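See structure below.
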Amino acid sequence: MLTEKYRPKSFAEIYGHKRIIESFRSFVKDHEMPNILLVGKNGVGKTAVARAMAWELGVINADPEVGTRDFLEINASEERGIETIREKVMGFARMKAINPVGWKICLLDEADGITKVAQQSLRKVMEQNAKSVRFILTSNDLSKISEALQSRCSIYMFQGVHFTQIEALIKDVAFKEKQTFLSDFVVKAIREISRGDARKALNTLEAILTLDNPTVEDVFQLAGAASEDNVWRLIYGALGGHMSSLQVLSGILDAGTDSTDVINLIYHGSVRNTIPRLSSSQRLVLLNAVGSVPGSTDDQRLGGIIARVIQTVGPVEAGGEEQ
C-alpha cells in the first residue's frame, strides 16, 4: 500500500503542518518533549507526525537491536478498556529505555475511544511515569478526552492538509512510482475529493494507478465520490426551484455516491466561489441550507438541503424550464 510504503520517517517527509513541525523540531533539538495531544480529522497526518517525532528523537531506531523497543503504539479505538492501560501501558512504562534520550514514547492512536475509567487510569500512569515515558495521544474529537488528560498535555490542533500540499504529495508519489502519465486534471480531481485527507489522496491514487489512461470520471467513480458536473446539475436545478432536482439527487445516491462528499462540494464550492455561474445571493441560499438543515444521516441531511433550497426560491413543478 502506498500509505505504508511512503510512511514518513522524518519531519522533512511530511506534507503540511509547517508551524506544528517547527514546534516539534525544537523538542528534538532539546531532546525533551511534554505529553502531547494531537487533534484533527482522519487522514490529516497526526499519527505520521507522532511516528516521525519518535524517529527524529531516536526512540525508534534503524538498529535492529533497538528498533521499536522503546516505542509502543496502541490503536485505542480497538483496545479501549482499562485492561489495556494496566497491562500494556503500565508494563511498557516499567521497562528501562535504551535509546539516546533516555525515555520511551507511548502513542495512543484515536484516544477519544478510550473509556472514561481507562482515561482515569491513564492519567495516573502519566503522573507516576513522567520521567520514563512521554505520551502522544491522537484524537478526532477533543470533547471526548477528559479535562484531566487535556491538562497534562500540550494540545496541537491539526487542520486538513492544504490543497497545494496534497497536490505536491500526489505528484511526488506518482513520480516515485514511475507513473508520469497522470494528467493535471486527474491530479486535481484526486486533490479535490481528498478534502485535505492525505490518506484518502494516496488510497485514491493507488486505485487510479491500476488503470490505463485514467480520466477525471474514473477518479470520482473509484472513490465513490460525486462528479462535480452531477453536483452542479443538482445545484442549478434546486436554485431554479425545480422539483426534478430530487430525481437528480436520487440518481446520484443510487449510483453509490457518498452524500457527505456532495454536502462538502456544495459547502466548499459556495464558500470558495468555485461553483460556476453562481450569484452572491445564490451562494448565500446554499450556505444557509447547509448550515440550517439537520439530519440523522447525511443522506437525509442532503435531501433536506436540496428541499430547503427549492423551497427558498419557490418550487417549480415538472415541465417548467430548467437552467
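Naming scheme: A, B, ... for chains in displayed order of the C-alpha cells; residues 1 onward per chain; ligands 1 onward as shown.
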
Based on the backbone DSSP call, show me all residues of region 59-150 of chain A assigned strand (DSSP E), as a list in words.
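Put together, the selection reads Phe71, Leu72, Glu73, Ile74, Asn75, Lys104, Ile105, Cys106, Leu107, Leu108, Asp109, Val133, Arg134, Phe135, Ile136, Leu137, Thr138 and Ser139 of chain A.
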
Surrounding residues of Glu192 (chain A) excluding itself and chain neighbours under 3 positions, 12 Å, only C-alpha atoms, as a PyMOL selection string:
chain A and resi 161-164+166-167+170+185-189+195-198+200-201+204+216+219-220+223+225-228+261-262+264-265+268-269+274

Selected residue of minimal separation from Ser77 (chain A) among A:Ala307, A:Met33, A:Leu137, A:Ile155, counting only C-alpha atoms
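Of A:Ala307, A:Met33, A:Leu137, A:Ile155, the one nearest Ser77 (chain A) is A:Leu137, counting only C-alpha atoms.
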
Counting only C-alpha atoms, which of A:Lys178, A:His242, A:Arg80, A:Arg7 gets nearest to Arg308 (chain A)?
A:His242

DSSP-assigned alpha helix (DSSP H) among region 102-222 of chain A, expressed as JSON, numbers by chain:
{"A": [116, 117, 118, 119, 120, 121, 122, 123, 124, 125, 126, 127, 128, 147, 148, 149, 150, 163, 164, 165, 166, 167, 168, 169, 170, 171, 172, 173, 174, 175, 176, 184, 185, 186, 187, 188, 189, 190, 191, 192, 193, 194, 198, 199, 200, 201, 202, 203, 204, 205, 206, 207, 208, 216, 217, 218, 219, 220, 221, 222]}

Pairwise distance, CA of Asn203 (chain A) with CA of Val271 (chain A), equals 26.8 Å

Option closest in space to Gln150 (chain A), from A:Val44, A:Asn99, A:Ile36, A:Arg51 [counting only C-alpha atoms]
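Counting only C-alpha atoms, the residue closest to Gln150 (chain A) is A:Ile36.
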
Find the residues near region 117-125 of chain A: any atom within 9 Å, counting only C-alpha atoms, skip ones fewer than 3 places away on the same chain, and give them as a PyMOL selection string.
chain A and resi 80-86+89-90+93+111+114+128-130+145-146+148-149+152

Find, counting only C-alpha atoms, the residue in A:Leu57, A:Met95, A:Val173, A:Leu287 that gets nearest to Ser132 (chain A).
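Ranked by minimum distance to Ser132 (chain A), first place goes to A:Met95.
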
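Going from CA of Ile266 (chain A) to CA of Ile208 (chain A) covers 24.7 Å.
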